[in-house]
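A.B. asks: First, the structure itself, so that you have it in front of you.
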Amino acid sequence: MNKAEKKFRYSAILVIFVLLTVLLAVINGMNFTMAASDADEITQMLADRQGAFERQDNAPKGMPFREKESDFRMGPMGPDSPELDASLRYFTIAFSEDGNTQTVAYHVSAVSEDEAREWAAGLIGETTGWTKFTYRYRVYEKGGVTYVTVIDQGRELLPAFRILLISAIGELIALIVAWLTLQFIARKVYAPLEEADRKQRQFLVQANREFGVPLTVLSANTLLMERRHGPDDETRSNRRQLKKMNELVSRLGTLGVWEEAPSDRADVPISEYLDAALDREAEAFDSRAIALTRDVSPGVVLSADPDAICRLVDELLSNAEKFAKTFAHFTLREENGFVVLETQNDADLPDGPVNQVFDRFTTLHPAENETAGAGLGLSNVKEIVKAHHGRASASVTGGVFRLRIAL
Amino acid sequence: MKILFAAPDRDLLASYQKLLETDFGEVVTAFDGTQVLSLLSGETFDLVILDRLLPRVELKRLLYKIREKVIPVIELTLSPLNVRLLTEEPLASAFLPYPFTREALSDLIRLVSERSRSAERFTAAGVPIDAAAFGIENGPGLSLGEIDVLRVLSSGANAIWENRACIAALNAKFARVGSPARIRYQAKKGFELVTENE
């Protein structure tokens, strides 16, 4: 699985997870809020009636809620239900100022009357809320007497808890299904991209093979023509063009080398190598009047493929030498467990992120620029960084091109 | 000097035959492996230039045959010099990647032939090196670059970073012959030739 495919899968599953969680959280949140609101409405009804419904066993049944037979189908629900009086489990205890306690109503089975009194006494000073998880209470005063009404909402809350449980299980199942579907979709979506990338690499390696021999022959033939007829403008032009082509093809040859994960890892003293490479190239920078400066932390060692790291440093130096106008600065340091290599120069580029410099055959400089390369150097850098599970980024700020590599 | 130049491209052979004959003397060409085997059995050569993709006979078989006759061989490759190339087929005396110039090939021919004529032998951390035969005595072959690294390190100097592929290949070959010799990087000191228990 390549990095882009992995990123797509994880991003997609994260989006699905967040969306589902938010949706289900809103639904369940509203469900519980409405249950609390219903309970509050009931406790308020009890408060309005001094803490108890008047239960009249001989009262006429069915009126005024049921006027005709069809009302059974869609009668009032919740606190407006005509069955509320008969089905509500609750108790109300009154506490008078003189210290007397009186049971106003007691219609519960789960607690004894004494326990109810003790429970209610513990709620004095509160207003309303949940107690013992599924009981809703209200504390109110009427004529100097404090009433505590507690209603059992266990049966009413059970569907809400069931919905919560079903939501959680449903979300888990949805995520598993989404993950499996994404495996299939990602494979379908990325297979052609991977194939295109593989073919492009194959073409590049093949191009190196196919052009290597003809270029060698053309170089030899140019030399033979010069030997026979003497050098002229045409043969000299041929030589120049052949030199360019040779450089390009040699670079193509290096592309295939970093395809696989580095196999020859060793402790690479990257500080020493960077210093040595900067010393080696100082003259070339001088000749182009480019100030080459450095800030290299000594003793930085990196576990990596030495070949690859040396190539990486060489490519960065070559890039700076080609495109810097007046200065090039190299920094090497250890930062949060990473080896960070930065290069800055005043290449003539517009401000903004320029990560396309890492694409193969992409150069941000005008094609007519003599120094512009084939657009393979930084692509090589990216391949090496990728093979070492590192990160590379490039940007231009205030006319300064900055390239950062963390390994 | 008599050179056998074997490559599948006949234009390359024709051009380089003319160029190398001017510089080195007789150049015999072959465009497939069977021709090489036939020429080797009937003639003697001072040096062989061999393309890795020569058809009809396996490269390894050709290299063994050339090595049997103690002829140095320059292998023409399509990829730049790397550790894999140096360790997988340690039978070539030197490697030259395409595309190359006449100057590069001529320089390499001179270096390889000089080394093969030198009859130089030396010991590197207890490992006997036959520089003229391009190899560890009774062990795997070594390329010109690897021998140069060992000579530099044996004389006490530090090999330079540009030879890193050779250094990695040499360590692999030391391990292959069971030698405790290793090339190790020491901070501030550079590369050193040491034995493993040092």
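Chain labels run A, B, ... following the order of the structure tokens; each chain numbers its residues from 1, and ligands are numbered from 1 in the order shown.
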Which residues are close to A:Leu242, i.e. within 8 Å by only C-alpha atoms, leaving aside same-chain residues fewer than 4 positions away? Reply as a list of chain:residue names.

C.D. replies: A:Leu215, A:Leu218, A:Ser219, A:Asn238, A:Asn246

A.B. asks: Could those selected residues go to a file with all heavy atoms, as a compact mmCIF listing (two decimals), in the first residue's frame?

C.D. replies:
```txt
# COMPACT_ATOMS: atom_id res chain seq x y z
N LEU A 215 24.16 7.03 -27.10
CA LEU A 215 24.91 8.24 -26.78
C LEU A 215 26.42 7.96 -26.79
O LEU A 215 27.21 8.79 -27.24
CB LEU A 215 24.49 8.78 -25.41
CG LEU A 215 23.14 9.51 -25.41
CD1 LEU A 215 22.70 9.80 -23.99
CD2 LEU A 215 23.25 10.82 -26.18
N LEU A 218 27.37 7.84 -30.40
CA LEU A 218 27.40 9.17 -31.01
C LEU A 218 28.64 9.96 -30.57
O LEU A 218 29.26 10.65 -31.38
CB LEU A 218 26.13 9.95 -30.65
CG LEU A 218 24.85 9.46 -31.34
CD1 LEU A 218 23.63 10.16 -30.78
CD2 LEU A 218 24.93 9.73 -32.85
N SER A 219 28.99 9.82 -29.29
CA SER A 219 30.20 10.50 -28.78
C SER A 219 31.42 9.98 -29.54
O SER A 219 32.28 10.76 -29.96
CB SER A 219 30.40 10.23 -27.30
OG SER A 219 29.36 10.78 -26.57
N ASN A 238 27.79 19.24 -31.45
CA ASN A 238 27.40 17.85 -31.12
C ASN A 238 27.93 17.45 -29.74
O ASN A 238 27.23 16.84 -28.94
CB ASN A 238 27.98 16.89 -32.16
CG ASN A 238 27.12 16.82 -33.40
OD1 ASN A 238 26.06 17.45 -33.46
ND2 ASN A 238 27.57 16.08 -34.40
N ASN A 246 24.23 13.06 -21.96
CA ASN A 246 24.92 12.08 -21.09
C ASN A 246 24.59 12.33 -19.63
O ASN A 246 24.34 11.40 -18.87
CB ASN A 246 26.43 12.17 -21.29
CG ASN A 246 26.88 11.50 -22.58
OD1 ASN A 246 26.07 10.87 -23.26
ND2 ASN A 246 28.14 11.64 -22.92
```

A.B. asks: Can you list, as a ChimeraX atom specification, every protein, DNA or RNA residue that comes within 6 Å of B:Val27 when you count only C-alpha atoms, leaving out same-chain residues fewer than 5 positions away?

C.D. replies: /B:2-4,17,21

A.B. asks: Could the residues in this selection be saved with all heavy atoms as a compact mmCIF listing (two decimals), in the first residue's frame?

C.D. replies:
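Output file result37.txt is given in full below:
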```
# COMPACT_ATOMS: atom_id res chain seq x y z
N LYS B 2 46.44 -6.29 -26.56
CA LYS B 2 45.36 -6.88 -27.35
C LYS B 2 44.08 -6.90 -26.48
O LYS B 2 44.08 -7.48 -25.39
CB LYS B 2 45.73 -8.30 -27.77
CG LYS B 2 44.78 -8.90 -28.77
CD LYS B 2 45.31 -10.24 -29.24
CE LYS B 2 44.35 -10.93 -30.17
NZ LYS B 2 44.85 -12.25 -30.58
N ILE B 3 43.07 -6.23 -27.01
CA ILE B 3 41.82 -6.06 -26.23
C ILE B 3 40.69 -6.81 -26.92
O ILE B 3 40.55 -6.74 -28.16
CB ILE B 3 41.46 -4.56 -26.11
CG1 ILE B 3 42.54 -3.81 -25.32
CG2 ILE B 3 40.09 -4.38 -25.46
CD1 ILE B 3 42.37 -2.30 -25.30
N LEU B 4 39.89 -7.50 -26.13
CA LEU B 4 38.64 -8.09 -26.66
C LEU B 4 37.49 -7.20 -26.20
O LEU B 4 37.29 -7.02 -24.99
CB LEU B 4 38.46 -9.52 -26.12
CG LEU B 4 37.09 -10.17 -26.40
CD1 LEU B 4 36.79 -10.25 -27.89
CD2 LEU B 4 37.03 -11.56 -25.78
N GLN B 17 36.31 0.17 -31.83
CA GLN B 17 37.45 -0.57 -32.39
C GLN B 17 38.43 0.43 -33.00
O GLN B 17 39.63 0.37 -32.74
CB GLN B 17 36.96 -1.56 -33.45
CG GLN B 17 38.06 -2.52 -33.89
CD GLN B 17 37.51 -3.60 -34.81
OE1 GLN B 17 36.56 -3.39 -35.54
NE2 GLN B 17 38.14 -4.77 -34.77
N GLU B 21 41.99 1.18 -31.16
CA GLU B 21 43.16 0.69 -31.91
C GLU B 21 44.22 1.78 -32.02
O GLU B 21 45.40 1.50 -31.95
CB GLU B 21 42.72 0.20 -33.29
CG GLU B 21 42.33 -1.27 -33.25
CD GLU B 21 41.85 -1.83 -34.58
OE1 GLU B 21 41.58 -1.05 -35.51
OE2 GLU B 21 41.74 -3.06 -34.68
```

A.B. asks: Please check the contacts: residues of chain A at most 9 Å away from chain B, using only C-alpha atoms, listed as a PyMOL selection string.

C.D. replies: chain A and resi 205+208-209+211-221+223-224+246-247+249-250+253-254+256-257+264+267-269+272-273+276+299+306-307+310

A.B. asks: When you look at A:Asp85 with a cut-off of 12 Å (counting only C-alpha atoms), what residues show up, excluding the ones that are within fewer than 3 positions of it in the same chain? I need them as a PyMOL selection string.

C.D. replies: chain A and resi 42+45-46+52-57+61+78-82+88-90+107+151

A.B. asks: List every residue of stretch 73-176 of chain B that DSSP, applied to the backbone of this structure, assigns to helix (DSSP H, G or I), and report them as a ChimeraX atom specification.

C.D. replies: /B:83-88,102-118,144-154,161-176

A.B. asks: As an exercise, work out the distance from atom CA of A:Tyr135 to atom CA of A:Gly154 in Å and give it to one decimal place.

C.D. replies: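 Straight-line distance from atom CA of A:Tyr135 to atom CA of A:Gly154 works out to 7.0 Å.
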
A.B. asks: Go through B:Ala30, B:Ala92, B:Ile109, B:Ile74 and flag the residue nearest B:Met1, using only C-alpha atoms for the distances.

C.D. replies: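 Among B:Ala30, B:Ala92, B:Ile109, B:Ile74, it is B:Ile109 that comes nearest to B:Met1.
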
A.B. asks: Determine which residues of stretch 68-197 of chain B DSSP labels as strand (DSSP E or B) from the backbone of this structure, then write them out as a ChimeraX atom specification.

C.D. replies: /B:73-77,94-97,121-124,127-130,135-136,141,181-186,190-195

A.B. asks: Selection from above, N, CA, C and O atoms, as a short mmCIF file (atom, residue, chain, number, x, y, z; two decimals), in the first residue's frame, can you write it?

C.D. replies:
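Heads up, here's the output in selection30.cif:
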```cif
data_model
loop_
_atom_site.label_atom_id
_atom_site.label_comp_id
_atom_site.auth_asym_id
_atom_site.auth_seq_id
_atom_site.Cartn_x
_atom_site.Cartn_y
_atom_site.Cartn_z
N VAL B 73 39.05 -7.65 -16.60
CA VAL B 73 37.85 -7.36 -17.38
C VAL B 73 37.17 -6.07 -16.90
O VAL B 73 37.01 -5.87 -15.70
N ILE B 74 36.83 -5.25 -17.87
CA ILE B 74 36.05 -4.02 -17.57
C ILE B 74 34.61 -4.32 -17.95
O ILE B 74 34.34 -4.67 -19.10
N GLU B 75 33.71 -4.20 -16.99
CA GLU B 75 32.31 -4.50 -17.26
C GLU B 75 31.56 -3.21 -17.58
O GLU B 75 31.62 -2.24 -16.81
N LEU B 76 30.88 -3.19 -18.70
CA LEU B 76 30.08 -2.02 -19.08
C LEU B 76 28.67 -2.22 -18.51
O LEU B 76 28.02 -3.23 -18.81
N THR B 77 28.24 -1.28 -17.69
CA THR B 77 26.95 -1.45 -16.99
C THR B 77 25.97 -0.36 -17.41
O THR B 77 26.36 0.67 -17.94
N ALA B 94 36.82 -3.84 -13.12
CA ALA B 94 36.35 -2.46 -13.05
C ALA B 94 34.98 -2.36 -13.72
O ALA B 94 34.61 -3.23 -14.50
N PHE B 95 34.26 -1.31 -13.36
CA PHE B 95 32.92 -1.11 -13.94
C PHE B 95 32.88 0.26 -14.60
O PHE B 95 33.45 1.22 -14.08
N LEU B 96 32.18 0.34 -15.71
CA LEU B 96 32.00 1.63 -16.38
C LEU B 96 30.55 1.72 -16.85
O LEU B 96 30.11 0.92 -17.67
N PRO B 97 29.80 2.68 -16.29
CA PRO B 97 28.39 2.78 -16.71
C PRO B 97 28.23 3.53 -18.05
O PRO B 97 28.97 4.46 -18.33
N ARG B 121 51.00 -7.36 -4.42
CA ARG B 121 50.28 -8.09 -3.37
C ARG B 121 50.47 -7.33 -2.07
O ARG B 121 51.57 -6.81 -1.83
N PHE B 122 49.46 -7.27 -1.29
CA PHE B 122 49.62 -6.65 0.02
C PHE B 122 48.58 -7.25 0.98
O PHE B 122 47.68 -8.00 0.56
N THR B 123 48.76 -6.93 2.25
CA THR B 123 47.84 -7.46 3.26
C THR B 123 47.06 -6.30 3.88
O THR B 123 47.67 -5.29 4.26
N ALA B 124 45.78 -6.47 3.95
CA ALA B 124 44.95 -5.43 4.56
C ALA B 124 44.24 -6.05 5.77
O ALA B 124 43.39 -6.92 5.60
N VAL B 127 44.14 -9.64 5.71
CA VAL B 127 43.54 -10.26 4.53
C VAL B 127 44.51 -10.10 3.35
O VAL B 127 44.86 -8.97 2.99
N PRO B 128 44.95 -11.24 2.77
CA PRO B 128 45.91 -11.12 1.66
C PRO B 128 45.20 -10.70 0.37
O PRO B 128 44.23 -11.31 -0.05
N ILE B 129 45.70 -9.62 -0.21
CA ILE B 129 45.09 -9.07 -1.43
C ILE B 129 46.05 -9.28 -2.61
O ILE B 129 47.23 -8.91 -2.52
N ASP B 130 45.52 -9.88 -3.65
CA ASP B 130 46.30 -10.01 -4.88
C ASP B 130 45.78 -8.93 -5.84
O ASP B 130 44.80 -9.13 -6.56
N GLY B 135 41.64 -9.50 -6.66
CA GLY B 135 40.83 -10.28 -5.73
C GLY B 135 41.52 -10.52 -4.40
O GLY B 135 42.71 -10.23 -4.22
N ILE B 136 40.73 -11.05 -3.46
CA ILE B 136 41.29 -11.54 -2.21
C ILE B 136 41.86 -12.92 -2.54
O ILE B 136 41.23 -13.68 -3.28
N GLY B 141 36.48 -11.75 -5.94
CA GLY B 141 37.19 -10.74 -6.71
C GLY B 141 36.97 -9.35 -6.13
O GLY B 141 36.03 -9.10 -5.38
N ALA B 181 38.26 -8.60 9.51
CA ALA B 181 38.58 -7.24 9.03
C ALA B 181 37.31 -6.47 8.71
O ALA B 181 36.36 -7.03 8.16
N ARG B 182 37.27 -5.19 9.08
CA ARG B 182 36.13 -4.33 8.79
C ARG B 182 36.61 -2.91 8.52
O ARG B 182 37.61 -2.47 9.10
N ILE B 183 35.87 -2.22 7.68
CA ILE B 183 36.16 -0.80 7.50
C ILE B 183 35.10 -0.05 8.28
O ILE B 183 33.90 -0.24 8.06
N ARG B 184 35.56 0.74 9.22
CA ARG B 184 34.64 1.38 10.16
C ARG B 184 34.82 2.90 10.08
O ARG B 184 35.93 3.37 9.85
N TYR B 185 33.72 3.62 10.28
CA TYR B 185 33.85 5.08 10.30
C TYR B 185 33.98 5.54 11.73
O TYR B 185 33.17 5.20 12.59
N GLN B 186 35.00 6.30 11.99
CA GLN B 186 35.21 6.86 13.32
C GLN B 186 35.04 8.37 13.24
O GLN B 186 35.72 9.01 12.41
N GLY B 190 37.51 9.58 10.40
CA GLY B 190 37.21 9.05 9.06
C GLY B 190 37.20 7.54 9.07
O GLY B 190 37.04 6.91 10.13
N PHE B 191 37.39 6.95 7.91
CA PHE B 191 37.34 5.49 7.81
C PHE B 191 38.64 4.86 8.30
O PHE B 191 39.73 5.40 8.08
N GLU B 192 38.49 3.71 8.93
CA GLU B 192 39.66 2.98 9.41
C GLU B 192 39.49 1.52 9.08
O GLU B 192 38.38 0.98 9.11
N LEU B 193 40.62 0.88 8.78
CA LEU B 193 40.60 -0.56 8.55
C LEU B 193 40.95 -1.23 9.88
O LEU B 193 42.03 -1.01 10.42
N VAL B 194 40.03 -1.99 10.41
CA VAL B 194 40.25 -2.59 11.74
C VAL B 194 39.86 -4.06 11.70
O VAL B 194 39.24 -4.52 10.74
N THR B 195 40.25 -4.78 12.74
CA THR B 195 39.71 -6.13 12.89
C THR B 195 38.56 -6.04 13.90
O THR B 195 38.57 -5.18 14.77
#
```
